[in-house]
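K.L.:
Got a structure for you, upload.txt, holding compact mmCIF, C-alpha atoms and all ligand atoms.
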```
# COMPACT_ATOMS: atom_id res chain seq x y z
CA MET A 4 18.51 71.32 10.79
CA ILE A 5 16.45 69.34 8.30
CA GLU A 6 17.79 70.05 4.85
CA TYR A 7 15.56 70.32 1.85
CA HIS A 8 16.28 69.08 -1.64
CA SER A 9 18.11 71.01 -4.26
CA PHE A 10 15.61 69.99 -6.92
CA CYS A 11 16.15 70.90 -10.51
CA ARG A 12 15.78 74.59 -11.10
CA HIS A 13 16.28 74.39 -14.85
CA GLU A 14 13.98 75.98 -17.34
CA LYS A 15 10.41 74.73 -17.60
CA SER A 16 11.16 72.65 -20.68
CA CYS A 17 13.65 70.50 -18.83
CA THR A 18 12.26 67.20 -17.57
CA SER A 19 15.36 66.13 -15.63
CA VAL A 20 15.52 66.29 -11.85
CA SER A 21 18.52 65.75 -9.67
CA SER A 22 18.24 62.79 -7.32
CA PRO A 23 17.19 63.80 -3.84
CA LEU A 24 19.62 61.22 -2.55
CA THR A 25 22.76 61.53 -4.55
CA GLY A 26 22.31 64.79 -6.41
CA LYS A 27 24.20 63.06 -9.22
CA PHE A 28 22.04 61.14 -11.64
CA SER A 29 19.18 62.48 -13.69
CA ILE A 30 15.95 60.79 -14.64
CA LYS A 31 13.15 61.57 -16.99
CA THR A 32 9.93 62.52 -15.26
CA SER A 33 6.41 62.87 -16.47
CA LYS A 34 4.86 66.34 -16.51
CA LYS A 35 2.69 65.32 -13.57
CA GLU A 36 5.66 64.22 -11.46
CA ASN A 37 7.50 67.37 -12.36
CA SER A 38 4.51 69.25 -11.11
CA TRP A 39 4.62 67.81 -7.59
CA GLN A 40 8.37 68.16 -7.49
CA GLN A 41 8.03 71.73 -8.57
CA GLN A 42 5.62 72.34 -5.70
CA LEU A 43 8.08 70.72 -3.32
CA SER A 44 11.02 72.76 -4.54
CA THR A 45 9.22 76.06 -3.99
CA ALA A 46 7.85 75.30 -0.52
CA ARG A 47 10.68 76.94 1.44
CA ARG A 48 9.54 80.33 2.74
CA GLY A 49 10.68 83.03 5.12
CA PHE A 50 8.48 84.24 8.00
CA TYR A 51 7.75 87.51 6.29
CA GLU A 52 6.84 85.91 3.00
CA LEU A 53 4.45 83.57 4.83
CA CYS A 54 2.81 86.48 6.64
CA GLN A 55 2.49 88.45 3.45
CA LEU A 56 0.96 85.53 1.55
CA LEU A 57 -1.60 84.94 4.29
CA ASP A 58 -2.33 88.55 5.18
CA ILE A 59 -1.26 88.28 8.78
CA THR A 60 0.87 90.66 10.80
CA SER A 61 4.55 89.87 11.16
CA ASP A 62 4.82 91.91 14.38
CA GLY A 63 6.68 89.96 17.01
CA PHE A 64 8.86 87.97 14.61
CA GLU A 65 11.94 90.07 15.33
CA GLY A 66 14.60 87.88 16.94
CA LEU A 67 13.16 84.63 15.62
CA GLU A 68 15.82 84.23 12.92
CA LYS A 69 17.38 81.35 14.87
CA LEU A 70 14.19 79.35 14.33
CA ASP A 71 14.48 79.94 10.63
CA ASP A 72 18.02 78.53 10.69
CA ASP A 73 17.19 75.52 12.84
CA PHE A 74 13.82 74.56 11.40
CA PRO A 75 12.85 76.74 8.46
CA VAL A 76 9.32 77.31 7.27
CA ILE A 77 8.39 74.82 4.55
CA ALA A 78 4.80 75.00 3.33
CA PRO A 79 3.69 74.21 -0.24
CA THR A 80 1.13 76.35 -2.00
CA ALA A 81 -1.46 73.55 -2.04
CA TYR A 82 -1.42 73.54 1.78
CA LEU A 83 -1.40 77.33 2.10
CA SER A 84 -4.46 77.53 -0.15
CA ARG A 85 -6.52 75.89 2.62
CA ILE A 86 -5.60 78.53 5.21
CA VAL A 87 -8.06 81.37 5.74
CA LYS A 88 -6.27 84.59 4.85
CA GLY A 89 -6.09 87.18 7.61
CA ASP A 90 -6.89 84.68 10.39
CA PRO A 91 -3.92 84.37 12.79
CA ASN A 92 -5.70 81.52 14.59
CA ASP A 93 -6.33 79.35 11.57
CA PRO A 94 -5.68 75.74 12.71
CA LEU A 95 -3.51 74.98 9.68
CA LEU A 96 -1.51 78.17 10.04
CA LEU A 97 -0.76 77.42 13.70
CA GLN A 98 0.90 74.16 12.64
CA ILE A 99 3.47 75.91 10.43
CA LEU A 100 3.97 79.39 11.84
CA PRO A 101 7.11 79.84 13.98
CA ASN A 102 6.38 81.00 17.50
CA ALA A 103 8.58 82.72 20.07
CA ALA A 104 7.52 80.00 22.54
CA GLU A 105 9.76 77.58 20.60
CA LEU A 106 12.78 79.35 22.07
CA ILE A 107 11.75 78.58 25.66
CA GLU A 108 13.71 75.72 27.26
CA THR A 109 11.28 73.44 29.06
CA PRO A 110 12.61 71.18 31.86
CA GLY A 111 12.13 67.50 31.07
CA TYR A 112 11.91 68.10 27.32
CA SER A 113 14.71 66.94 25.04
CA GLN A 114 15.97 67.09 21.49
CA ASP A 115 15.55 63.32 21.06
CA PRO A 116 12.50 62.52 23.24
CA LEU A 117 12.15 58.96 21.93
CA GLU A 118 15.88 58.20 22.22
CA GLU A 119 15.93 56.94 18.64
CA GLU A 120 19.64 57.45 18.19
CA SER A 121 20.37 54.71 20.73
CA SER A 122 18.27 52.19 18.73
CA SER A 123 19.98 52.61 15.37
CA PRO A 124 21.93 49.50 14.23
CA ALA A 125 22.59 50.87 10.71
CA PRO A 126 22.47 54.31 9.08
CA GLY A 127 18.90 55.60 9.01
CA LEU A 128 17.52 52.42 10.61
CA ILE A 129 15.68 52.35 13.93
CA HIS A 130 14.98 48.95 15.48
CA LYS A 131 13.01 49.52 18.67
CA TYR A 132 9.99 47.29 18.36
CA HIS A 133 9.73 43.51 17.87
CA GLY A 134 9.05 42.35 14.32
CA ARG A 135 9.35 45.71 12.61
CA VAL A 136 12.00 48.24 11.77
CA LEU A 137 11.77 51.88 10.78
CA LEU A 138 13.89 53.10 7.92
CA ILE A 139 14.43 56.81 7.46
CA ALA A 140 13.97 56.84 3.72
CA SER A 141 14.36 60.56 3.15
CA SER A 142 15.64 63.45 5.19
CA THR A 143 13.18 65.85 3.60
CA CYS A 144 9.63 66.85 4.46
CA ALA A 145 7.14 68.63 2.24
CA ILE A 146 6.07 70.71 5.22
CA HIS A 147 7.65 71.63 8.54
CA CYS A 148 5.26 71.02 11.41
CA ARG A 149 6.37 73.10 14.36
CA TYR A 150 5.47 70.35 16.87
CA CYS A 151 7.54 67.67 15.10
CA PHE A 152 9.40 65.29 17.41
CA ARG A 153 12.12 64.88 14.77
CA ARG A 154 12.77 68.60 14.36
CA HIS A 155 16.17 68.17 16.03
CA TYR A 156 17.08 64.83 14.42
CA PRO A 157 20.65 64.94 13.02
CA TYR A 158 19.68 64.39 9.40
CA GLN A 159 22.94 65.99 8.29
CA GLU A 160 24.92 63.19 9.92
CA ASN A 161 22.62 60.50 8.54
CA ARG A 162 23.01 60.94 4.81
CA PHE A 163 20.65 58.59 3.09
CA GLN A 164 22.33 57.57 -0.09
CA ARG A 165 21.83 54.26 -1.77
CA ASN A 166 24.84 52.61 -0.14
CA GLN A 167 23.59 53.56 3.32
CA HIS A 168 20.15 52.22 2.60
CA GLN A 169 21.84 49.07 1.31
CA GLN A 170 23.51 48.61 4.73
CA ALA A 171 20.12 48.95 6.39
CA LEU A 172 18.61 46.44 3.94
CA ASN A 173 21.42 43.98 4.73
CA TYR A 174 20.61 44.31 8.44
CA ILE A 175 16.91 43.67 7.77
CA ARG A 176 17.69 40.63 5.60
CA SER A 177 19.78 39.11 8.40
CA ASN A 178 17.00 39.53 11.01
CA ARG A 179 14.46 36.86 10.24
CA GLU A 180 11.98 38.00 12.89
CA VAL A 181 11.45 41.33 11.11
CA ARG A 182 8.26 41.04 9.04
CA GLU A 183 7.43 44.68 8.46
CA VAL A 184 9.46 47.63 7.23
CA ILE A 185 8.23 51.13 7.98
CA LEU A 186 9.45 53.88 5.68
CA SER A 187 9.56 57.17 7.51
CA GLY A 188 11.57 60.37 7.48
CA GLY A 189 11.40 63.15 6.75
CA ASP A 190 8.81 61.95 4.33
CA PRO A 191 9.46 58.90 2.10
CA LEU A 192 7.20 60.25 -0.63
CA THR A 193 9.54 63.19 -1.22
CA LEU A 194 11.76 60.61 -2.96
CA SER A 195 11.60 60.33 -6.72
CA ASN A 196 9.51 57.46 -8.05
CA LYS A 197 12.67 55.94 -9.49
CA TYR A 198 14.43 55.76 -6.14
CA LEU A 199 11.29 54.69 -4.34
CA GLN A 200 10.85 51.89 -6.85
CA TRP A 201 14.37 50.66 -6.10
CA LEU A 202 13.73 50.78 -2.36
CA VAL A 203 10.35 49.05 -2.55
CA ASN A 204 11.73 46.33 -4.86
CA SER A 205 14.72 45.78 -2.59
CA ILE A 206 12.44 45.35 0.41
CA ALA A 207 10.13 43.03 -1.53
CA ASP A 208 13.18 40.88 -2.34
CA ILE A 209 13.68 40.11 1.36
CA PRO A 210 11.65 36.91 1.79
CA GLN A 211 10.47 37.37 5.40
CA ILE A 212 9.04 40.85 4.79
CA SER A 213 5.31 40.74 4.18
CA THR A 214 4.29 44.33 4.86
CA LEU A 215 5.59 47.72 3.89
CA ARG A 216 4.24 50.62 5.88
CA ILE A 217 4.79 54.17 4.69
CA HIS A 218 4.40 57.12 7.02
CA THR A 219 3.68 60.18 4.93
CA ARG A 220 2.08 63.58 5.02
CA LEU A 221 2.51 64.12 1.25
CA PRO A 222 -1.00 63.08 0.08
CA VAL A 223 -2.38 65.72 2.47
CA VAL A 224 0.21 68.40 1.79
CA ILE A 225 0.72 67.99 -1.99
CA PRO A 226 -2.07 65.71 -3.26
CA ASP A 227 -0.57 65.76 -6.78
CA ARG A 228 2.10 63.45 -5.35
CA VAL A 229 -0.36 60.56 -5.76
CA ASP A 230 0.41 59.99 -9.41
CA THR A 231 0.00 56.91 -11.58
CA ASP A 232 3.66 55.93 -11.28
CA LEU A 233 3.38 55.93 -7.49
CA LEU A 234 0.27 53.75 -7.57
CA ASP A 235 2.04 51.35 -9.96
CA LEU A 236 5.17 50.98 -7.88
CA LEU A 237 3.09 50.20 -4.79
CA SER A 238 1.21 47.39 -6.51
CA GLY A 239 3.72 44.54 -6.00
CA ARG A 240 3.71 41.50 -3.68
CA LEU A 241 3.87 43.37 -0.36
CA ASN A 242 0.90 44.44 1.74
CA ILE A 243 1.03 48.21 1.61
CA VAL A 244 -0.16 50.26 4.56
CA LEU A 245 -0.06 53.99 4.08
CA VAL A 246 -0.30 55.94 7.31
CA ILE A 247 -1.10 59.52 6.50
CA HIS A 248 -0.82 62.39 8.96
CA CYS A 249 -3.80 64.70 9.11
CA ASN A 250 -4.73 66.78 12.15
CA HIS A 251 -7.75 68.78 11.08
CA SER A 252 -10.64 68.38 8.64
CA ASN A 253 -9.67 71.68 6.95
CA GLU A 254 -6.62 69.82 5.65
CA ILE A 255 -8.88 67.66 3.46
CA ASP A 256 -10.07 69.62 0.45
CA GLU A 257 -11.39 68.21 -2.82
CA GLU A 258 -7.93 67.42 -4.23
CA VAL A 259 -6.79 65.68 -1.06
CA GLY A 260 -10.01 63.65 -0.96
CA TYR A 261 -9.51 62.60 -4.58
CA ALA A 262 -5.90 61.55 -3.93
CA LEU A 263 -6.91 59.51 -0.88
CA ARG A 264 -9.70 57.75 -2.74
CA LYS A 265 -7.30 56.85 -5.56
CA LEU A 266 -4.97 55.23 -3.03
CA SER A 267 -7.84 53.42 -1.36
CA LYS A 268 -9.25 52.13 -4.67
CA SER A 269 -5.86 50.73 -5.60
CA GLY A 270 -6.06 48.37 -2.63
CA ILE A 271 -3.76 50.19 -0.23
CA THR A 272 -4.74 50.12 3.45
CA LEU A 273 -5.09 53.72 4.57
CA LEU A 274 -4.78 54.78 8.19
CA ASN A 275 -4.42 58.20 9.76
CA GLN A 276 -2.41 59.40 12.69
CA SER A 277 -2.95 62.81 14.22
CA VAL A 278 -1.20 64.72 16.94
CA LEU A 279 -3.37 66.26 19.64
CA LEU A 280 -2.48 69.95 19.55
CA LYS A 281 -3.59 72.76 21.81
CA ASN A 282 -5.82 75.35 20.07
CA ILE A 283 -5.68 73.34 16.84
CA ASN A 284 -7.69 70.15 17.27
CA ASP A 285 -8.23 69.77 21.03
CA ASP A 286 -12.02 69.53 20.99
CA ALA A 287 -14.42 66.69 20.24
CA ASP A 288 -16.28 68.48 17.42
CA THR A 289 -13.07 69.06 15.46
CA LEU A 290 -11.79 65.53 15.93
CA GLY A 291 -15.22 64.02 15.22
CA LEU A 292 -15.46 65.89 11.92
CA LEU A 293 -11.93 64.80 11.04
CA SER A 294 -12.80 61.13 11.63
CA HIS A 295 -15.88 61.37 9.40
CA GLN A 296 -14.02 63.12 6.61
CA LEU A 297 -11.21 60.62 6.71
CA PHE A 298 -13.61 57.70 6.53
CA ASP A 299 -15.56 59.31 3.67
CA ASN A 300 -12.28 59.21 1.73
CA GLY A 301 -11.28 55.66 2.57
CA VAL A 302 -9.06 56.32 5.62
CA LEU A 303 -9.50 54.84 9.10
CA PRO A 304 -8.52 56.96 12.11
CA TYR A 305 -5.70 55.05 13.81
CA TYR A 306 -3.69 56.97 16.40
CA LEU A 307 -4.15 60.26 18.19
CA HIS A 308 -0.74 61.02 19.64
CA MET A 309 -0.03 63.02 22.74
CA PRO A 310 2.74 65.39 21.62
CA ASP A 311 6.22 64.09 22.42
CA GLN A 312 8.25 66.07 24.90
CA THR A 313 10.40 67.73 22.29
CA GLN A 314 12.29 70.87 23.20
CA GLY A 315 10.54 73.90 21.68
CA THR A 316 7.08 72.33 21.40
CA ALA A 317 5.63 72.57 24.93
CA HIS A 318 3.14 75.26 23.88
CA PHE A 319 1.24 72.61 21.87
CA ASP A 320 0.68 70.36 24.91
CA ILE A 321 -2.57 69.57 26.65
CA SER A 322 -2.63 67.51 29.84
CA GLU A 323 -3.40 63.78 29.85
CA ALA A 324 -6.47 64.46 31.99
CA GLU A 325 -7.82 66.92 29.40
CA ALA A 326 -6.99 64.52 26.58
CA CYS A 327 -8.79 61.63 28.27
CA SER A 328 -11.85 63.77 28.94
CA LEU A 329 -11.88 64.85 25.30
CA MET A 330 -11.67 61.21 24.18
CA SER A 331 -14.66 60.29 26.36
CA SER A 332 -16.68 63.00 24.59
CA LEU A 333 -15.47 61.77 21.22
CA ALA A 334 -16.39 58.17 21.99
CA GLY A 335 -19.86 59.39 22.90
CA VAL A 336 -20.54 60.76 19.42
CA LEU A 337 -18.63 58.44 17.07
CA PRO A 338 -19.00 54.75 16.22
CA GLY A 339 -16.13 52.78 17.77
CA TYR A 340 -14.31 52.23 14.46
CA LEU A 341 -13.94 55.99 13.99
CA VAL A 342 -12.43 56.63 17.42
CA PRO A 343 -8.63 56.81 17.17
CA ARG A 344 -6.48 55.30 19.91
CA LEU A 345 -5.04 57.91 22.24
CA VAL A 346 -1.37 57.02 22.63
CA ARG A 347 1.89 58.29 23.98
CA GLU A 348 5.31 57.05 22.90
CA GLN A 349 7.85 56.39 25.59
CA PRO A 350 11.47 55.60 24.86
CA THR A 351 11.61 52.65 27.24
CA SER A 352 8.34 50.94 26.21
CA ALA A 353 8.22 48.02 23.77
CA SER A 354 5.18 49.57 22.08
CA LYS A 355 3.12 52.74 22.18
CA THR A 356 1.29 53.27 25.47
CA GLN A 357 -2.47 53.53 25.02
CA LEU A 358 -4.10 55.92 27.47
CA PRO A 359 -7.34 54.66 29.07
CA PHE A 360 -10.15 57.18 28.85
CA LEU A 361 -13.49 55.55 29.64
S1 LIG B 1 5.53 65.80 11.56
FE1 LIG B 1 6.11 64.57 9.77
S2 LIG B 1 5.79 65.91 8.02
FE2 LIG B 1 5.78 67.20 9.82
S3 LIG B 1 7.91 67.90 10.01
FE3 LIG B 1 7.72 66.07 11.25
S4 LIG B 1 8.36 64.35 9.97
FE4 LIG B 1 7.94 66.15 8.64
```
Before anything else, please render the file you have as structure tokens.
Ligand code: SF4
P.N.:
Amino acid sequence: MIEYHSFCRHEKSCTSVSSPLTGKFSIKTSKKENSWQQQLSTARRGFYELCQLLDITSDGFEGLEKLDDDFPVIAPTAYLSRIVKGDPNDPLLLQILPNAAELIETPGYSQDPLEEESSSPAPGLIHKYHGRVLLIASSTCAIHCRYCFRRHYPYQENRFQRNQHQQALNYIRSNREVREVILSGGDPLTLSNKYLQWLVNSIADIPQISTLRIHTRLPVVIPDRVDTDLLDLLSGRLNIVLVIHCNHSNEIDEEVGYALRKLSKSGITLLNQSVLLKNINDDADTLGLLSHQLFDNGVLPYYLHMPDQTQGTAHFDISEAEACSLMSSLAGVLPGYLVPRLVREQPTSASKTQLPFL
């Protein structure tokens, strides 16, 4: 189960928040930061609350309590506000609504489809690919995407406190061929600015590291997360690449667009990765519109992932043949730089496998 933070639940006047990592020390936060943290702390919802908020029937949810234990609904208000009330097929709703199909065991699917646990030389560190390492910076997400390949990751056993991250940093320092650190999770931007500043500075202190990549869904899910302090702490010596995760153009409203343009104007390279999801974005019109909207806000489409074979997610799959046909249609209507690369991750490959489609 992915745990979520026990953020400060003091009275409104209090500006202290408990650390998402240690739960011990307190820091002063600006009103703005408190605002995104407040949104994060109230994002945990039950099925019935979600249905009630969105005016959809909760019939058929009986017996799904196990899903709520294993992978609870987390969906901030800013994201819910983009869902059309009363529409059970809304493409954003389908990404967060638990489904009885998640309980079906599918042969060939696993809890760790990318075999990440076998590539972990230090707590929270995954070293699979040459020249770059992935550091699980936070065990928390601002949203729970039902198709997530890390939905079964043992976050409980990989507590990410400062001393564990320090072990990972020591490993990175001793591996001179590593040039890029990827912060992932969970979502790294659920960390407080204070902790993130420490992590970014520590990485910048490692001489061979030139690039810091951050995989995050926060700017899309809670656009208020893109505050001035965040922009400041990302303005040091490292090249910063922010890879957002956006699957549908309905996820980009005015606030999200504004947040993305702020990031872009501050010199950060912005890329997007999407997951190809049945009944959500598996048609060329939807993906074409997404590419245009991303680019209008300073983001280049990067990867379109085939869903990983994660237990409980098979109902999101489309076949490779369908995906390749869709990509041919997409390439027919978009300029080349707006066509994402269709990829699949395989545990034994030294890089993502790009699927040919023309
Ligand atoms: S897809 Fe990303 S944001 Fe969504 S649950 Fe998984 S790690 Fe969290």
K.L.:
To one decimal place in Å, what is the distance between CA of Glu52 (chain A) and CA of His147 (chain A)?
P.N.:
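Taking CA of Glu52 (chain A) and CA of His147 (chain A), their separation equals 15.3 Å.
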K.L.:
Show me, as JSON lines, the residues of chain A having an atom within 8 Å of ligand LIG 1 (chain B), each with the closest atom pair and its distance in Å, using all atoms listed in the file.
P.N.:
```
{"residue": "A:Thr143", "atom": "CA", "partner": "B:LIG1", "partner_atom": "FE4", "distance": 7.3}
{"residue": "A:Cys144", "atom": "CA", "partner": "B:LIG1", "partner_atom": "FE4", "distance": 4.6}
{"residue": "A:Ala145", "atom": "CA", "partner": "B:LIG1", "partner_atom": "S2", "distance": 6.5}
{"residue": "A:Ile146", "atom": "CA", "partner": "B:LIG1", "partner_atom": "S2", "distance": 5.6}
{"residue": "A:His147", "atom": "CA", "partner": "B:LIG1", "partner_atom": "S3", "distance": 4.0}
{"residue": "A:Cys148", "atom": "CA", "partner": "B:LIG1", "partner_atom": "FE2", "distance": 4.2}
{"residue": "A:Arg149", "atom": "CA", "partner": "B:LIG1", "partner_atom": "S3", "distance": 7.0}
{"residue": "A:Tyr150", "atom": "CA", "partner": "B:LIG1", "partner_atom": "S1", "distance": 7.0}
{"residue": "A:Cys151", "atom": "CA", "partner": "B:LIG1", "partner_atom": "FE3", "distance": 4.2}
{"residue": "A:Phe152", "atom": "CA", "partner": "B:LIG1", "partner_atom": "FE3", "distance": 6.4}
{"residue": "A:Arg153", "atom": "CA", "partner": "B:LIG1", "partner_atom": "FE3", "distance": 5.8}
{"residue": "A:Arg154", "atom": "CA", "partner": "B:LIG1", "partner_atom": "FE3", "distance": 6.4}
{"residue": "A:Ser187", "atom": "CA", "partner": "B:LIG1", "partner_atom": "S4", "distance": 7.7}
{"residue": "A:Gly188", "atom": "CA", "partner": "B:LIG1", "partner_atom": "S4", "distance": 5.7}
{"residue": "A:Gly189", "atom": "CA", "partner": "B:LIG1", "partner_atom": "S4", "distance": 4.6}
{"residue": "A:Asp190", "atom": "CA", "partner": "B:LIG1", "partner_atom": "FE4", "distance": 6.1}
{"residue": "A:Thr219", "atom": "CA", "partner": "B:LIG1", "partner_atom": "S2", "distance": 6.8}
{"residue": "A:Arg220", "atom": "CA", "partner": "B:LIG1", "partner_atom": "S2", "distance": 5.3}
{"residue": "A:Leu221", "atom": "CA", "partner": "B:LIG1", "partner_atom": "S2", "distance": 7.7}
{"residue": "A:His248", "atom": "CA", "partner": "B:LIG1", "partner_atom": "FE1", "distance": 7.3}
```
K.L.:
Could you jot down the CA of Ile321 (chain A) to CA of Asn282 (chain A) separation for me, Å, one decimal place?
P.N.:
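Separation of CA of Ile321 (chain A) and CA of Asn282 (chain A): 9.3 Å.
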K.L.:
Separation of CA of Glu254 (chain A) and CA of Ala78 (chain A), in Å?
P.N.:
12.8 Å
K.L.:
Which residues come within 9 Å of region 90-105 of chain A, counting only C-alpha atoms, excluding same-chain residues fewer than 2 positions away, as an MDAnalysis selection string?
P.N.:
chainID A and resid 50 53:54 57:60 63:64 66:67 70:71 74:78 82:83 85:88 107:108 146:150 250:251 253:254 280 282:284 314:318
K.L.:
With distances taken over all atoms listed in the file, which residue among A:Tyr306, A:Tyr261, A:Phe319, A:Trp201 lies nearest Leu341 (chain A)?
P.N.:
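Closest to Leu341 (chain A), using all atoms listed in the file: A:Tyr306.
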K.L.:
For Tyr198 (chain A), which residue among A:Tyr174, A:Gln211, A:Val184, A:Asp232 is the nearest when counting all atoms listed in the file?
P.N.:
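Looking at the shortest contact to Tyr198 (chain A), the residue is A:Asp232.
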K.L.:
Find the residues near region 293-304 of chain A: any atom within 12 Å, counting only C-alpha atoms, skip ones fewer than 4 places away on the same chain, and give them as a PDB file with C-alpha atoms, in the frame of the given file.
P.N.:
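Final file, selection.pdb:
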```pdb
ATOM      1  CA  PRO A 222      -1.000  63.080   0.080  1.00  0.00           C
ATOM      2  CA  VAL A 223      -2.380  65.720   2.470  1.00  0.00           C
ATOM      3  CA  VAL A 244      -0.160  50.260   4.560  1.00  0.00           C
ATOM      4  CA  LEU A 245      -0.060  53.990   4.080  1.00  0.00           C
ATOM      5  CA  VAL A 246      -0.300  55.940   7.310  1.00  0.00           C
ATOM      6  CA  ILE A 247      -1.100  59.520   6.500  1.00  0.00           C
ATOM      7  CA  HIS A 248      -0.820  62.390   8.960  1.00  0.00           C
ATOM      8  CA  CYS A 249      -3.800  64.700   9.110  1.00  0.00           C
ATOM      9  CA  ASN A 250      -4.730  66.780  12.150  1.00  0.00           C
ATOM     10  CA  HIS A 251      -7.750  68.780  11.080  1.00  0.00           C
ATOM     11  CA  SER A 252     -10.640  68.380   8.640  1.00  0.00           C
ATOM     12  CA  ASN A 253      -9.670  71.680   6.950  1.00  0.00           C
ATOM     13  CA  GLU A 254      -6.620  69.820   5.650  1.00  0.00           C
ATOM     14  CA  ILE A 255      -8.880  67.660   3.460  1.00  0.00           C
ATOM     15  CA  ASP A 256     -10.070  69.620   0.450  1.00  0.00           C
ATOM     16  CA  GLU A 257     -11.390  68.210  -2.820  1.00  0.00           C
ATOM     17  CA  GLU A 258      -7.930  67.420  -4.230  1.00  0.00           C
ATOM     18  CA  VAL A 259      -6.790  65.680  -1.060  1.00  0.00           C
ATOM     19  CA  GLY A 260     -10.010  63.650  -0.960  1.00  0.00           C
ATOM     20  CA  TYR A 261      -9.510  62.600  -4.580  1.00  0.00           C
ATOM     21  CA  ALA A 262      -5.900  61.550  -3.930  1.00  0.00           C
ATOM     22  CA  LEU A 263      -6.910  59.510  -0.880  1.00  0.00           C
ATOM     23  CA  ARG A 264      -9.700  57.750  -2.740  1.00  0.00           C
ATOM     24  CA  LYS A 265      -7.300  56.850  -5.560  1.00  0.00           C
ATOM     25  CA  LEU A 266      -4.970  55.230  -3.030  1.00  0.00           C
ATOM     26  CA  SER A 267      -7.840  53.420  -1.360  1.00  0.00           C
ATOM     27  CA  LYS A 268      -9.250  52.130  -4.670  1.00  0.00           C
ATOM     28  CA  SER A 269      -5.860  50.730  -5.600  1.00  0.00           C
ATOM     29  CA  GLY A 270      -6.060  48.370  -2.630  1.00  0.00           C
ATOM     30  CA  ILE A 271      -3.760  50.190  -0.230  1.00  0.00           C
ATOM     31  CA  THR A 272      -4.740  50.120   3.450  1.00  0.00           C
ATOM     32  CA  LEU A 273      -5.090  53.720   4.570  1.00  0.00           C
ATOM     33  CA  LEU A 274      -4.780  54.780   8.190  1.00  0.00           C
ATOM     34  CA  ASN A 275      -4.420  58.200   9.760  1.00  0.00           C
ATOM     35  CA  GLN A 276      -2.410  59.400  12.690  1.00  0.00           C
ATOM     36  CA  SER A 277      -2.950  62.810  14.220  1.00  0.00           C
ATOM     37  CA  VAL A 278      -1.200  64.720  16.940  1.00  0.00           C
ATOM     38  CA  ASN A 284      -7.690  70.150  17.270  1.00  0.00           C
ATOM     39  CA  ASP A 285      -8.230  69.770  21.030  1.00  0.00           C
ATOM     40  CA  ASP A 286     -12.020  69.530  20.990  1.00  0.00           C
ATOM     41  CA  ALA A 287     -14.420  66.690  20.240  1.00  0.00           C
ATOM     42  CA  ASP A 288     -16.280  68.480  17.420  1.00  0.00           C
ATOM     43  CA  THR A 289     -13.070  69.060  15.460  1.00  0.00           C
ATOM     44  CA  HIS A 308      -0.740  61.020  19.640  1.00  0.00           C
ATOM     45  CA  LEU A 333     -15.470  61.770  21.220  1.00  0.00           C
ATOM     46  CA  ALA A 334     -16.390  58.170  21.990  1.00  0.00           C
ATOM     47  CA  VAL A 336     -20.540  60.760  19.420  1.00  0.00           C
ATOM     48  CA  LEU A 337     -18.630  58.440  17.070  1.00  0.00           C
ATOM     49  CA  PRO A 338     -19.000  54.750  16.220  1.00  0.00           C
ATOM     50  CA  GLY A 339     -16.130  52.780  17.770  1.00  0.00           C
ATOM     51  CA  TYR A 340     -14.310  52.230  14.460  1.00  0.00           C
ATOM     52  CA  LEU A 341     -13.940  55.990  13.990  1.00  0.00           C
ATOM     53  CA  VAL A 342     -12.430  56.630  17.420  1.00  0.00           C
ATOM     54  CA  PRO A 343      -8.630  56.810  17.170  1.00  0.00           C
ATOM     55  CA  ARG A 344      -6.480  55.300  19.910  1.00  0.00           C
ATOM     56  CA  LEU A 345      -5.040  57.910  22.240  1.00  0.00           C
TER      57      LEU A 345
END
```
K.L.:
Measuring between all atoms listed in the file, which one of A:Phe360, A:Gln114, A:Arg228, A:Arg47 shows the shortest distance to Ser332 (chain A)?
P.N.:
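With all atoms listed in the file as the atom set, the closest residue is A:Phe360.
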K.L.:
Can you find the residues with an atom no farther than 10 Å from (-5.2, 66.0, 27.9), counting all atoms listed in the file, and report them as a PyMOL selection string?
P.N.:
chain A and resi 279-281+285+309+320-330+345
